[in-house]
Structures are given as structure tokens and as C-alpha cells.
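Novice: Have a look at the structure that comes next, please.
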Protein chains: 2
Amino acid sequence: MTTPHPDPLTLDVIELIGAVVARYHEEYDRAAADHALTGAQARVLSLLSVDPMPMRKVARTLKCEPSNITGIVDRLELRGLVERRPDPADRRVKLAAPTEEGHRTARQLRDALGFAREPLAELSEEERTVLRDLLRRMLGTQREA
Amino acid sequence: MTTPHPDPLTLDVIELIGAVVARYHEEYDRAAADHALTGAQARVLSLLSVDPMPMRKVARTLKCEPSNITGIVDRLELRGLVERRPDPADRRVKLAAPTEEGHRTARQLRDALGFAREPLAELSEEERTVLRDLLRRMLGTQREA
DNA sequence: TATTGTTATACTCTATAACTATA
DNA sequence: TATAGTTATAGAGTATAACAATA
């Protein structure tokens with residue numbers, strides 16, 4: 001099912017990816033905390049700032065149970081960062097969308113996410129292109145469509 | 001403090017890194033769940049399987065409060081995967097170390113972590129070397145020593 | 001009947017503060 | 001007095017199951 005014994009080079013890369021994941025989270029949580037948001041709240045807000053969507057779809061996108069989203073959006077709504085709008089096409093649906101302040105916060109969050117920006121500044125344009133293409137091919141594996 | 005307007009190429013890479021982080025977590029949590037462990041429990045167990053250490057050091061390494069580690073190790077100990085040993089040199093210290101079964105579980109966890117192994121199989125050895133070096137340079141930024 | 005969002009429940013993770021036993 | 005680990009507490013995230021409104 002899986003390759004049982006990766007070579008040392010692959011193990012190195014796996015370890016480096018683990019380090020990237022750890023760094024990414026540190027930076028993301030710090031940026032969220034600067035706005036008194038939890039990581040989960042920041043993730044939902046950022047998602048909605050790209051594209052408002054029904055609660056159900058938020059859960060699907062974040063791969064968690066719909067009941068969780070209720071609470072997270074509750075807290076964002078209490079902070080005035082998100083609002084629930086009716087869906088004219090289906091009265092069961094509630095569309096979660098950032099308020100104007102929510103959009104501002106999401107933008108600041110994105111700008112504050114220094115990760116991969118400062119480190120990437122170390123790389124030349126050509127190197128960043130190579131990195132982009134390698135990551136794309138890695139992620140392209142096991143993808144549908 | 002930070003570069004305000006990354007170029008499109010950099011934005012692409014940042015987005016890809018976000019996708020890598022998401023995929024990494026999916027796989028990690030799934031592998032942990034297969035052993036009825038939470039992500040946090042699996043992380044602590046994996047850390048200890050590399051190197052048993054005082055509770056305090058676990059917290060420092062995972063960048064969380066020491067009081068959290070008490071509960072996580074409690075649950076791992078209840079499952080028979082980890083044990084607390086006295087430190088002969090300092091009677092305040094408790095060394096957390098995997099049991100034999102804990103080591104087995106940690107090994108299975110590592111083997112089950114398909115991420116970056118299957119995707120990396122798509123890349124040639126030369127490409128993996130390039131990827132490793134680029135990631136190293138990215139992470140090398142902002143590192144002490 | 002099926003689906004959307006919610007509520008209720010239980011467990012885990014998390015930080016903070018206070019405690020204990022050592023040093 | 002300082003440090004290691006723990007406890008107590010409160011808030012947040014998570015999954016499960018049951019529910020009301022709507023389709």
C-alpha cells in the first residue's frame with residue numbers, strides 16, 4: 001500500500017516538510033492571536049473572506065463536523081466580524097459572510113502572515129519557480145480532476 | 001517589518017505551502033486516529049520515541065504550557081504507551097519514555113504517514129535533492145546558530 | 001424522506017494560577 | 001528562592017446524536 005522504506009534523501013525531505021508545517025502554524029497562530037482570534041476562527045474568517053458560503057460548505061471545506069462551525073461562527077459574529085445572511089434560494093441555508101470589519105481583519109491577517117514571504121525572499125525568482133513547480137507536482141498526486 | 005506586497009509567484013508558493021500544511025495534517029490525524037490517538041497524543045509519543053525527556057522539555061519542544069503535558073502523558077500512560085521514570089540526578093524531574101508497545105505504535109505511526117513519501121515518489125532523485133536544498137534554505141532563515 | 005443548521009453532551013486541548021516537593 | 005510537575009479552572013475545538021425548519 002505504501003512504500004515501506006524511504007531512502008535517506010526522502011526522509012530528509014519529509015523531516016523538512018514537518019519543520020515547514022510547524023513554522024507555518026507558529027506564524028499563523030501568532031498572527032491570529034494578534035487579533036485576539038484562535039487559529040480555527042482565523043481559518044474560518046479567512047475562508048469566508050475569499051468566498052462567503054453556507055455553514056455546511058464551511059464544514060466540508062475544513063473537513064470538520066457542521067456542528068463545530070455553529071460555535072465558531074457564533075464567536076465571530078459576536079465579535080462583529082461575520083454575519084449570517086439568509087439564502088433567497090433555500091430558506092434552510094444560512095450564508096456566512098464577513099462584515100466590513102471582518103474583511104479588514106482578514107486582510108491584515110493575510111498581510112501579517114510573514115511565513116514563506118521572508119524566507120522566500122532568500123530565494124531567487126528562478127528558484128521560487130522551481131520550488132513552485134515541485135510543490136505543485138507533489139500536491140498534484142492523488143488529486144481528483 | 002514585512003514585505004507588504006509579494007509578487008504573484010511568491011503568492012503561488014505561499015498558497016502551495018498552505019496546501020502542503022493542510023495535507024500533512026489530514027494524513028497525520030488520520031494515522032493517529034487509526035491508533036485511537038489524538039493528534040497531540042501522537043505528536044508527544046513520536047517525540048518521546050526519538051528521545052525520552054523530562055515533562056518540562058516536552059512542553060518546551062512543543063511550545064505549549066507544561067500543565068498540558070501532564071494530561072496528555074496521563075492518557076498515554078493509561079493506554080500503556082508511555083511511562084514516567086524518576087530522574088536519578090534530580091528528584092523533581094520525571095522522565096517520560098515510551099513503553100515497548102509505545103515504541104511499536106510510534107513506528108507504525110511513522111510508517112503510516114504516507115504524506116511526502118508517495119508524492120515524493122513522483123519526483124526524481126535530482127528533483128528531491130533540489131527540493132530538499134530549497135526547503136533547507138527557506139527554514140534556515142531566522143534560525144539561531 | 002432528506003437536508004440545513006442548531007442544540008446537547010462528552011472529551012480533549014489549551015492557558016492561567018495556585019499548589020507540592022524538591023533543589 | 002527558584003524549579004519540576006501537578007491540580008484546578010475556564011474557554012475553545014471536536015465528534016456524536018437528536019431536533020426543528022424547510023425542501
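All residue names refer to the C-alpha cells as shown: chains lettered A, B, ... in order, residues numbered from 1 in each chain, ligands numbered from 1 in order.
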Show me, as a PyMOL selection string, the residues that have an atom within 8 Å of segment 6-21 of chain D when counting only C-alpha atoms (C1' of nucleotides), minus same-chain residues fewer than 5 positions from it.
Specialist: (chain A and resi 40+65+68+92) or (chain B and resi 67+70) or (chain C and resi 7+12-14+19-20)
Novice: Based on DSSP run over this structure's backbone, return all residues of chain B in helix (DSSP H, G or I), as a ChimeraX atom specification.
Specialist: /B:8-34,39-50,55-62,66-78,100-112,118-121,125-140
Novice: Compute the set of chain A residues within 12 Å of chain D, using only C-alpha atoms (C1' of nucleotides), and express it as a list in words.
Specialist: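 Per the criterion, chain A yields Leu37, Thr38, Gly39, Ala40, Gln41, Lys63, Cys64, Glu65, Pro66, Ser67, Asn68, Ile69, Thr70, Gly71, Ile72, Arg75, Ala89, Asp90, Arg91, Arg92 and Val93 of chain A.
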Novice: Output all heavy atoms for every residue in the selection just made, as a compact mmCIF listing (two decimals), in the first residue's frame.
Specialist:
# COMPACT_ATOMS: atom_id res chain seq x y z
N LEU A 37 -7.83 36.25 17.97
CA LEU A 37 -8.58 35.17 17.35
C LEU A 37 -7.86 33.85 17.59
O LEU A 37 -6.64 33.82 17.70
CB LEU A 37 -8.71 35.40 15.84
CG LEU A 37 -9.54 36.59 15.38
CD1 LEU A 37 -9.36 36.81 13.88
CD2 LEU A 37 -11.00 36.39 15.72
N THR A 38 -8.62 32.76 17.67
CA THR A 38 -7.98 31.44 17.70
C THR A 38 -7.64 31.04 16.27
O THR A 38 -8.11 31.66 15.31
CB THR A 38 -8.94 30.40 18.29
OG1 THR A 38 -10.05 30.25 17.41
CG2 THR A 38 -9.43 30.81 19.66
N GLY A 39 -6.85 30.01 16.13
CA GLY A 39 -6.49 29.53 14.80
C GLY A 39 -7.71 29.13 14.00
O GLY A 39 -7.83 29.46 12.81
N ALA A 40 -8.64 28.44 14.65
CA ALA A 40 -9.85 27.98 13.96
C ALA A 40 -10.68 29.17 13.49
O ALA A 40 -11.20 29.18 12.37
CB ALA A 40 -10.67 27.08 14.88
N GLN A 41 -10.81 30.18 14.35
CA GLN A 41 -11.58 31.37 13.97
C GLN A 41 -10.92 32.09 12.80
O GLN A 41 -11.61 32.51 11.85
CB GLN A 41 -11.69 32.31 15.18
CG GLN A 41 -12.61 31.78 16.27
CD GLN A 41 -12.43 32.49 17.60
OE1 GLN A 41 -11.70 33.49 17.69
NE2 GLN A 41 -13.07 31.98 18.63
N LYS A 63 -13.17 20.19 6.55
CA LYS A 63 -13.19 18.78 6.93
C LYS A 63 -13.47 18.59 8.41
O LYS A 63 -12.73 17.90 9.12
CB LYS A 63 -11.87 18.10 6.54
CG LYS A 63 -11.62 18.07 5.04
CD LYS A 63 -10.36 17.29 4.69
CE LYS A 63 -9.76 17.77 3.37
NZ LYS A 63 -10.67 17.75 2.24
N CYS A 64 -14.53 19.24 8.89
CA CYS A 64 -14.95 19.00 10.26
C CYS A 64 -16.47 18.89 10.29
O CYS A 64 -17.13 19.06 9.25
CB CYS A 64 -14.47 20.11 11.19
SG CYS A 64 -15.32 21.66 10.99
N GLU A 65 -17.04 18.62 11.44
CA GLU A 65 -18.48 18.46 11.56
C GLU A 65 -19.18 19.81 11.50
O GLU A 65 -18.68 20.79 12.06
CB GLU A 65 -18.82 17.75 12.87
CG GLU A 65 -18.38 16.32 12.92
CD GLU A 65 -19.01 15.49 11.80
OE1 GLU A 65 -20.23 15.60 11.60
OE2 GLU A 65 -18.27 14.75 11.13
N PRO A 66 -20.36 19.86 10.86
CA PRO A 66 -21.10 21.12 10.75
C PRO A 66 -21.40 21.75 12.11
O PRO A 66 -21.42 22.97 12.24
CB PRO A 66 -22.40 20.71 10.05
CG PRO A 66 -22.06 19.46 9.32
CD PRO A 66 -21.02 18.76 10.13
N SER A 67 -21.60 20.91 13.12
CA SER A 67 -21.95 21.46 14.44
C SER A 67 -20.83 22.33 15.00
O SER A 67 -21.08 23.26 15.78
CB SER A 67 -22.28 20.33 15.41
OG SER A 67 -21.21 19.43 15.52
N ASN A 68 -19.59 22.06 14.63
CA ASN A 68 -18.48 22.88 15.10
C ASN A 68 -18.57 24.29 14.55
O ASN A 68 -18.24 25.26 15.24
CB ASN A 68 -17.14 22.31 14.66
CG ASN A 68 -16.93 20.91 15.19
OD1 ASN A 68 -17.44 20.56 16.23
ND2 ASN A 68 -16.19 20.11 14.44
N ILE A 69 -18.99 24.39 13.30
CA ILE A 69 -19.00 25.69 12.63
C ILE A 69 -19.97 26.63 13.30
O ILE A 69 -19.72 27.84 13.39
CB ILE A 69 -19.34 25.51 11.13
CG1 ILE A 69 -18.36 24.52 10.48
CG2 ILE A 69 -19.30 26.84 10.40
CD1 ILE A 69 -16.92 24.90 10.62
N THR A 70 -21.07 26.08 13.79
CA THR A 70 -22.04 26.90 14.51
C THR A 70 -21.36 27.72 15.60
O THR A 70 -21.54 28.94 15.67
CB THR A 70 -23.13 26.00 15.15
OG1 THR A 70 -23.81 25.30 14.12
CG2 THR A 70 -24.12 26.82 15.96
N GLY A 71 -20.57 27.06 16.44
CA GLY A 71 -19.92 27.76 17.54
C GLY A 71 -18.88 28.76 17.08
O GLY A 71 -18.79 29.86 17.62
N ILE A 72 -18.09 28.37 16.10
CA ILE A 72 -17.02 29.26 15.64
C ILE A 72 -17.62 30.52 15.01
O ILE A 72 -17.18 31.64 15.30
CB ILE A 72 -16.09 28.53 14.64
CG1 ILE A 72 -15.37 27.38 15.34
CG2 ILE A 72 -15.10 29.49 14.01
CD1 ILE A 72 -14.58 26.48 14.43
N ARG A 75 -18.98 32.90 17.61
CA ARG A 75 -17.97 33.76 18.25
C ARG A 75 -17.52 34.87 17.31
O ARG A 75 -17.31 36.01 17.73
CB ARG A 75 -16.79 32.91 18.71
CG ARG A 75 -17.05 32.20 20.03
CD ARG A 75 -16.14 31.00 20.27
NE ARG A 75 -16.92 29.90 20.83
CZ ARG A 75 -16.92 28.66 20.36
NH1 ARG A 75 -16.18 28.33 19.33
NH2 ARG A 75 -17.67 27.74 20.92
N ALA A 89 -32.60 31.44 -2.15
CA ALA A 89 -32.97 30.27 -2.92
C ALA A 89 -33.39 29.09 -2.04
O ALA A 89 -34.09 28.18 -2.50
CB ALA A 89 -31.82 29.85 -3.83
N ASP A 90 -32.96 29.09 -0.78
CA ASP A 90 -33.25 27.94 0.10
C ASP A 90 -33.28 28.44 1.54
O ASP A 90 -32.24 28.78 2.10
CB ASP A 90 -32.16 26.87 -0.08
CG ASP A 90 -32.49 25.60 0.68
OD1 ASP A 90 -33.27 25.66 1.66
OD2 ASP A 90 -31.97 24.54 0.31
N ARG A 91 -34.48 28.43 2.11
CA ARG A 91 -34.62 29.05 3.43
C ARG A 91 -34.01 28.23 4.56
O ARG A 91 -33.95 28.70 5.69
CB ARG A 91 -36.10 29.35 3.70
CG ARG A 91 -36.64 30.46 2.79
CD ARG A 91 -37.91 31.04 3.33
NE ARG A 91 -38.95 29.99 3.49
CZ ARG A 91 -40.11 30.19 4.09
NH1 ARG A 91 -40.40 31.39 4.57
NH2 ARG A 91 -40.98 29.22 4.19
N ARG A 92 -33.55 27.04 4.24
CA ARG A 92 -32.82 26.28 5.27
C ARG A 92 -31.40 26.80 5.44
O ARG A 92 -30.80 26.71 6.51
CB ARG A 92 -32.74 24.79 4.88
CG ARG A 92 -34.05 24.07 4.89
CD ARG A 92 -33.87 22.68 4.33
NE ARG A 92 -33.29 22.71 2.98
CZ ARG A 92 -33.03 21.64 2.29
NH1 ARG A 92 -33.24 20.43 2.78
NH2 ARG A 92 -32.52 21.74 1.08
N VAL A 93 -30.86 27.35 4.37
CA VAL A 93 -29.45 27.72 4.32
C VAL A 93 -29.18 29.07 4.95
O VAL A 93 -29.95 30.00 4.79
CB VAL A 93 -28.96 27.72 2.85
CG1 VAL A 93 -27.55 28.30 2.75
CG2 VAL A 93 -29.03 26.32 2.28
Novice: With only C-alpha atoms (C1' of nucleotides) as the counted atoms, please give the residues lying no more than 9 Å from Thr99 of chain A, apart from itself and same-chain residues fewer than 6 positions off, as an mmCIF file with N, CA and C atoms, in the first residue's frame.
Specialist:
data_model
loop_
_atom_site.group_PDB
_atom_site.id
_atom_site.type_symbol
_atom_site.label_atom_id
_atom_site.label_comp_id
_atom_site.auth_asym_id
_atom_site.auth_seq_id
_atom_site.Cartn_x
_atom_site.Cartn_y
_atom_site.Cartn_z
ATOM 1 N N GLU A 77 -19.352 36.123 14.981
ATOM 2 C CA GLU A 77 -20.490 37.030 14.842
ATOM 3 C C GLU A 77 -20.570 37.963 16.057
ATOM 4 N N GLY A 80 -18.471 40.742 15.717
ATOM 5 C CA GLY A 80 -18.834 41.635 14.628
ATOM 6 C C GLY A 80 -17.996 41.441 13.378
ATOM 7 N N LEU A 81 -17.384 40.272 13.242
ATOM 8 C CA LEU A 81 -16.515 40.032 12.089
ATOM 9 C C LEU A 81 -17.220 39.260 10.978
ATOM 10 N N VAL A 82 -18.302 38.579 11.353
ATOM 11 C CA VAL A 82 -19.020 37.733 10.398
ATOM 12 C C VAL A 82 -20.515 37.904 10.650
ATOM 13 N N GLU A 83 -21.304 37.732 9.613
ATOM 14 C CA GLU A 83 -22.756 37.737 9.816
ATOM 15 C C GLU A 83 -23.393 36.588 9.047
#
Novice: Select from chain A everything DSSP, run on the backbone, classes as strand (DSSP E), then give the selection as a PyMOL selection string.
Specialist: chain A and resi 53-54+82-86+94-98
Novice: With a distance threshold of 8 Å and counting only C-alpha atoms (C1' of nucleotides), extract the residues of chain C near chain A and express them as a list in words.
Specialist: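 Putting it all together, I get DT4, DG5 and DT6 of chain C.
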Novice: Next, dump the selected residues to file, keeping only C-alpha atoms (C1' of nucleotides), as a compact mmCIF listing (two decimals), in the first residue's frame.
Specialist:
# COMPACT_ATOMS: atom_id res chain seq x y z
C1' DT C 4 -29.62 22.55 6.82
C1' DG C 5 -28.44 24.36 10.80
C1' DT C 6 -28.77 24.00 15.67
Novice: Write out as a list in words which residues come within 8 Å of Leu95 of chain B when counting only C-alpha atoms (C1' of nucleotides), dropping same-chain ones fewer than 6 positions away.
Specialist: Pro52, Met53, Pro54, Met55, Arg84, Arg85, Pro86 and Asp87 of chain B
Novice: Which one of A:Leu11, A:Ala96, A:Ala32, A:Ala42 sits closest to Val58 of chain A if you count only C-alpha atoms?
Specialist: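 Nearest candidate to Val58 of chain A out of A:Leu11, A:Ala96, A:Ala32, A:Ala42: A:Ala96.
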Novice: Using only C-alpha atoms (C1' of nucleotides), determine which residues lie at most 12 Å from Ile17 of chain A, disregarding the query and same-chain residues fewer than 5 positions distant; provide the list as a VMD selection string.
Specialist: (chain A and resid 10 to 12 22 to 24 135 138) or (chain B and resid 17 to 25 115 to 117 120 131 to 136 138 to 139)
